[in-house]
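So the structure is just underneath, and the comments pick up after that.
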Amino acid sequence: MIRYLYADQLTTYPKLQESMLKDRALQFHQRLKWEVSVDANGFERDQYDALNPLYVIWETPDGRHGGSMRFLPSTGATMVNDFFSHLAGKVIADKHIWETTRFCVSPSAQDGSRIAALLMLAGAQLGIGFGLSHAVGVFDARMIRIYRKLGWLPVVLGTDGHGREAISAGLWEFRADILSGLADKAGVSMDVSAHWFARAFGQERAAFAA
């Protein structure tokens with residue numbers, strides 16, 4: 001199932017929190033060789049985790065992390081403004097644009113493609129339900145294939161590097177018409193997606209996102 005949890009709610013789900021942070025370390029530190037901090041517990045955290053971001057998490061039946069992504073309003077501190085404004089071409093600070101980062105699928109996931117689709121669906125549901133216009137994020141070249149397969153490509157604002165080493169900043173537009181396509185690829189109904197959102201934020205916002 002999808003859970004929408006702010007950072008200050010994660011302690012209620014210790015297994016979910018711990019497995020998410022360990023999976024992030026495995027993906028970003030060990031596999032992708034990013035320069036990220038991993039503590040003595042094997043957890044990957046950065047300064048943005050301390051800002052009470054909103055996490056979209058796929059929770060497995062045993063209560064562990066299957067995949068996740070992180071959201072922060074662009075009106076506060078964000079990775080794209082602090083480190084990648086040269087890619088975006090400007091500082092992005094708009095109440096209708098939230099930053100998405102730390103897109104992670106658990107290395108132990110049996111169906112990573114489906115989990116990626118579920119996360120993108122939940123992210124779209126979040127944006128529409130919150131009345132946002134776009135998500136902004138920085139991504140590497142390997143992600144383009146995933147976004148294209150899911151049918152939700154960002155508008156690229158700028159790119160640094162070439163080939164597999166390229167990194168880009170982009171904007172994803174939140175539109176109600178993309179939900180059904182993402183739901184089909186995720187293998188869930190629109191009603192189930194709306195239920196996950198309503199459980200976290202209430203029926204009124206869920207109706208807006210439907």
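Identifiers in this document derive from the order of the structure tokens: chains are assigned A, B, ..., residues are numbered from 1 separately in each chain, and ligands are numbered from 1 in order of occurrence.
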Neighbouring residues of Ile167 (chain A) were defined as those with any atom within 7 Å, considering only C-alpha atoms; residues of the same chain fewer than 5 positions away were excluded. Please report them as a count of residues only.
7
Self-check item: Residues of region 12-155 of chain A in strand (DSSP E or B), written as a PyMOL selection string
Solution: chain A and resi 38+44+54-59+65-73+97-105+134-140+155
Once you count only C-alpha atoms, what closest atom pair and distance in Å to one decimal does each residue of region 62-162 of chain A within 12 Å of region 173-189 of chain A have, with rows by chain and rising residue number, as JSON lines?
{"residue": "A:His96", "atom": "CA", "partner": "A:Phe174", "partner_atom": "CA", "distance": 10.2}
{"residue": "A:Ile97", "atom": "CA", "partner": "A:Glu173", "partner_atom": "CA", "distance": 9.4}
{"residue": "A:Trp98", "atom": "CA", "partner": "A:Phe174", "partner_atom": "CA", "distance": 10.8}
{"residue": "A:Asp111", "atom": "CA", "partner": "A:Ala186", "partner_atom": "CA", "distance": 10.4}
{"residue": "A:Gly112", "atom": "CA", "partner": "A:Ala186", "partner_atom": "CA", "distance": 10.6}
{"residue": "A:Ser113", "atom": "CA", "partner": "A:Ala186", "partner_atom": "CA", "distance": 8.4}
{"residue": "A:Arg114", "atom": "CA", "partner": "A:Ala186", "partner_atom": "CA", "distance": 5.2}
{"residue": "A:Ile115", "atom": "CA", "partner": "A:Ala186", "partner_atom": "CA", "distance": 7.1}
{"residue": "A:Ala116", "atom": "CA", "partner": "A:Ala186", "partner_atom": "CA", "distance": 8.0}
{"residue": "A:Ala117", "atom": "CA", "partner": "A:Ala186", "partner_atom": "CA", "distance": 4.9}
{"residue": "A:Leu118", "atom": "CA", "partner": "A:Ala186", "partner_atom": "CA", "distance": 5.0}
{"residue": "A:Leu119", "atom": "CA", "partner": "A:Ala186", "partner_atom": "CA", "distance": 8.6}
{"residue": "A:Met120", "atom": "CA", "partner": "A:Leu182", "partner_atom": "CA", "distance": 7.2}
{"residue": "A:Leu121", "atom": "CA", "partner": "A:Leu182", "partner_atom": "CA", "distance": 5.4}
{"residue": "A:Ala122", "atom": "CA", "partner": "A:Leu179", "partner_atom": "CA", "distance": 9.0}
{"residue": "A:Gly123", "atom": "CA", "partner": "A:Phe174", "partner_atom": "CA", "distance": 9.1}
{"residue": "A:Ala124", "atom": "CA", "partner": "A:Phe174", "partner_atom": "CA", "distance": 6.0}
{"residue": "A:Gln125", "atom": "CA", "partner": "A:Leu179", "partner_atom": "CA", "distance": 7.2}
{"residue": "A:Leu126", "atom": "CA", "partner": "A:Phe174", "partner_atom": "CA", "distance": 9.1}
{"residue": "A:Gly127", "atom": "CA", "partner": "A:Phe174", "partner_atom": "CA", "distance": 6.0}
{"residue": "A:Ile128", "atom": "CA", "partner": "A:Phe174", "partner_atom": "CA", "distance": 5.9}
{"residue": "A:Gly129", "atom": "CA", "partner": "A:Phe174", "partner_atom": "CA", "distance": 9.6}
{"residue": "A:Phe130", "atom": "CA", "partner": "A:Phe174", "partner_atom": "CA", "distance": 10.2}
{"residue": "A:Gly131", "atom": "CA", "partner": "A:Phe174", "partner_atom": "CA", "distance": 8.7}
{"residue": "A:Leu132", "atom": "CA", "partner": "A:Phe174", "partner_atom": "CA", "distance": 6.9}
{"residue": "A:Ser133", "atom": "CA", "partner": "A:Phe174", "partner_atom": "CA", "distance": 5.5}
{"residue": "A:His134", "atom": "CA", "partner": "A:Glu173", "partner_atom": "CA", "distance": 4.5}
{"residue": "A:Ala135", "atom": "CA", "partner": "A:Glu173", "partner_atom": "CA", "distance": 6.7}
{"residue": "A:Val136", "atom": "CA", "partner": "A:Glu173", "partner_atom": "CA", "distance": 9.0}
{"residue": "A:Gly137", "atom": "CA", "partner": "A:Glu173", "partner_atom": "CA", "distance": 11.7}
{"residue": "A:Ile146", "atom": "CA", "partner": "A:Lys185", "partner_atom": "CA", "distance": 11.7}
{"residue": "A:Tyr147", "atom": "CA", "partner": "A:Leu182", "partner_atom": "CA", "distance": 10.7}
{"residue": "A:Arg148", "atom": "CA", "partner": "A:Leu182", "partner_atom": "CA", "distance": 11.6}
{"residue": "A:Lys149", "atom": "CA", "partner": "A:Lys185", "partner_atom": "CA", "distance": 9.1}
{"residue": "A:Leu150", "atom": "CA", "partner": "A:Leu182", "partner_atom": "CA", "distance": 6.5}
{"residue": "A:Gly151", "atom": "CA", "partner": "A:Gly181", "partner_atom": "CA", "distance": 7.5}
{"residue": "A:Trp152", "atom": "CA", "partner": "A:Ile178", "partner_atom": "CA", "distance": 7.5}
{"residue": "A:Leu153", "atom": "CA", "partner": "A:Glu173", "partner_atom": "CA", "distance": 9.1}
{"residue": "A:Pro154", "atom": "CA", "partner": "A:Glu173", "partner_atom": "CA", "distance": 7.4}
{"residue": "A:Val155", "atom": "CA", "partner": "A:Glu173", "partner_atom": "CA", "distance": 8.3}
{"residue": "A:Val156", "atom": "CA", "partner": "A:Glu173", "partner_atom": "CA", "distance": 11.6}
Keeping N, CA and C atoms for every residue in the selection just given, could you write it to a file as a tab-separated table (two decimals), in the first residue's frame?
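The resulting file, result-v3.tsv, is shown below:
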chain	number	residue	atom	x	y	z
A	96	HIS	N	3.01	26.76	-5.61
A	96	HIS	CA	2.34	25.72	-6.38
A	96	HIS	C	3.31	24.70	-6.97
A	97	ILE	N	4.59	24.82	-6.62
A	97	ILE	CA	5.60	23.89	-7.11
A	97	ILE	C	6.32	23.28	-5.91
A	98	TRP	N	6.33	21.96	-5.84
A	98	TRP	CA	7.06	21.25	-4.79
A	98	TRP	C	8.21	20.46	-5.42
A	111	ASP	N	9.26	-6.44	-8.15
A	111	ASP	CA	8.74	-5.81	-9.36
A	111	ASP	C	9.01	-4.31	-9.30
A	112	GLY	N	10.25	-3.95	-9.58
A	112	GLY	CA	10.66	-2.56	-9.47
A	112	GLY	C	9.90	-1.64	-10.41
A	113	SER	N	9.55	-2.13	-11.61
A	113	SER	CA	8.85	-1.28	-12.56
A	113	SER	C	7.46	-0.92	-12.04
A	114	ARG	N	6.79	-1.88	-11.44
A	114	ARG	CA	5.46	-1.59	-10.89
A	114	ARG	C	5.56	-0.62	-9.72
A	115	ILE	N	6.55	-0.80	-8.87
A	115	ILE	CA	6.71	0.10	-7.73
A	115	ILE	C	7.00	1.51	-8.21
A	116	ALA	N	7.82	1.65	-9.24
A	116	ALA	CA	8.07	2.98	-9.81
A	116	ALA	C	6.77	3.61	-10.29
A	117	ALA	N	5.93	2.82	-10.94
A	117	ALA	CA	4.63	3.33	-11.41
A	117	ALA	C	3.74	3.72	-10.25
A	118	LEU	N	3.73	2.93	-9.19
A	118	LEU	CA	2.93	3.25	-8.01
A	118	LEU	C	3.38	4.55	-7.37
A	119	LEU	N	4.67	4.75	-7.29
A	119	LEU	CA	5.19	5.99	-6.70
A	119	LEU	C	4.85	7.20	-7.55
A	120	MET	N	4.98	7.06	-8.86
A	120	MET	CA	4.63	8.18	-9.75
A	120	MET	C	3.14	8.48	-9.67
A	121	LEU	N	2.31	7.44	-9.61
A	121	LEU	CA	0.87	7.63	-9.45
A	121	LEU	C	0.57	8.38	-8.16
A	122	ALA	N	1.18	7.93	-7.06
A	122	ALA	CA	0.93	8.57	-5.77
A	122	ALA	C	1.44	10.00	-5.75
A	123	GLY	N	2.57	10.25	-6.42
A	123	GLY	CA	3.07	11.61	-6.50
A	123	GLY	C	2.14	12.52	-7.29
A	124	ALA	N	1.57	11.98	-8.38
A	124	ALA	CA	0.60	12.76	-9.16
A	124	ALA	C	-0.66	13.03	-8.36
A	125	GLN	N	-1.12	12.02	-7.63
A	125	GLN	CA	-2.31	12.18	-6.80
A	125	GLN	C	-2.07	13.24	-5.74
A	126	LEU	N	-0.87	13.25	-5.18
A	126	LEU	CA	-0.51	14.25	-4.17
A	126	LEU	C	-0.55	15.66	-4.76
A	127	GLY	N	0.09	15.82	-5.91
A	127	GLY	CA	0.14	17.15	-6.51
A	127	GLY	C	-1.23	17.70	-6.85
A	128	ILE	N	-2.06	16.85	-7.44
A	128	ILE	CA	-3.40	17.29	-7.80
A	128	ILE	C	-4.23	17.56	-6.55
A	129	GLY	N	-4.13	16.68	-5.58
A	129	GLY	CA	-4.91	16.85	-4.35
A	129	GLY	C	-4.52	18.08	-3.56
A	130	PHE	N	-3.25	18.49	-3.65
A	130	PHE	CA	-2.77	19.68	-2.95
A	130	PHE	C	-2.92	20.95	-3.79
A	131	GLY	N	-3.46	20.81	-4.99
A	131	GLY	CA	-3.65	21.97	-5.85
A	131	GLY	C	-2.35	22.53	-6.40
A	132	LEU	N	-1.35	21.68	-6.60
A	132	LEU	CA	-0.07	22.12	-7.13
A	132	LEU	C	-0.10	22.14	-8.66
A	133	SER	N	0.79	22.90	-9.24
A	133	SER	CA	0.88	22.93	-10.70
A	133	SER	C	1.96	21.99	-11.22
A	134	HIS	N	3.09	21.91	-10.51
A	134	HIS	CA	4.23	21.13	-10.99
A	134	HIS	C	5.03	20.55	-9.82
A	135	ALA	N	5.78	19.53	-10.15
A	135	ALA	CA	6.89	19.07	-9.31
A	135	ALA	C	8.17	19.43	-10.03
A	136	VAL	N	9.19	19.79	-9.27
A	136	VAL	CA	10.50	20.06	-9.84
A	136	VAL	C	11.48	19.06	-9.25
A	137	GLY	N	12.40	18.61	-10.05
A	137	GLY	CA	13.37	17.65	-9.55
A	137	GLY	C	14.60	17.59	-10.43
A	146	ILE	N	12.64	5.42	-17.61
A	146	ILE	CA	11.55	5.09	-16.70
A	146	ILE	C	10.39	6.06	-16.89
A	147	TYR	N	10.68	7.36	-16.95
A	147	TYR	CA	9.62	8.35	-17.13
A	147	TYR	C	8.90	8.15	-18.46
A	148	ARG	N	9.67	7.84	-19.50
A	148	ARG	CA	9.06	7.64	-20.82
A	148	ARG	C	8.15	6.41	-20.79
A	149	LYS	N	8.60	5.34	-20.18
A	149	LYS	CA	7.81	4.12	-20.10
A	149	LYS	C	6.51	4.35	-19.34
A	150	LEU	N	6.55	5.19	-18.33
A	150	LEU	CA	5.35	5.48	-17.53
A	150	LEU	C	4.45	6.52	-18.19
A	151	GLY	N	4.95	7.19	-19.22
A	151	GLY	CA	4.13	8.16	-19.92
A	151	GLY	C	4.02	9.50	-19.23
A	152	TRP	N	5.02	9.84	-18.41
A	152	TRP	CA	5.00	11.14	-17.72
A	152	TRP	C	6.40	11.73	-17.73
A	153	LEU	N	6.77	12.27	-18.85
A	153	LEU	CA	8.10	12.88	-19.00
A	153	LEU	C	8.09	14.31	-18.47
A	154	PRO	N	9.17	14.73	-17.85
A	154	PRO	CA	9.26	16.13	-17.43
A	154	PRO	C	9.66	17.04	-18.58
A	155	VAL	N	9.38	18.31	-18.43
A	155	VAL	CA	9.95	19.33	-19.31
A	155	VAL	C	11.35	19.63	-18.77
A	156	VAL	N	12.36	19.38	-19.57
A	156	VAL	CA	13.74	19.55	-19.12
A	156	VAL	C	14.10	21.04	-19.14
Using only C-alpha atoms for the distances, tell me which of A:Lys95, A:Lys15, A:Arg3, A:Arg102 is nearest to Tyr48 (chain A).
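Of the candidates, the smallest distance to Tyr48 (chain A) is held by A:Arg102.
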Using DSSP on the backbone coordinates, identify all residues within region 1-204 of chain A classified as alpha helix (DSSP H); present the result as an MDAnalysis selection string.
-> chainID A and resid 14:24 79:83 85:88 112:129 142:150 178:186 190:201 203:204
Quiz item: Do you have the CA of Gly89 (chain A)-CA of Ala169 (chain A) distance handy?
Solution: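 A separation of 9.1 Å between them.
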Fill in: Pick from A:Ala25, A:Leu5, A:Leu16, A:Val80, whichever lies nearest to Pro61 (chain A) using only C-alpha atoms
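Of all the options, A:Leu16 lies closest to Pro61 (chain A).
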For this session: Name all residues at most 12 Å from Lys90 (chain A) (count only C-alpha atoms; drop same-chain ones fewer than 3 positions away) and give them as a count of residues only.
Result: 13
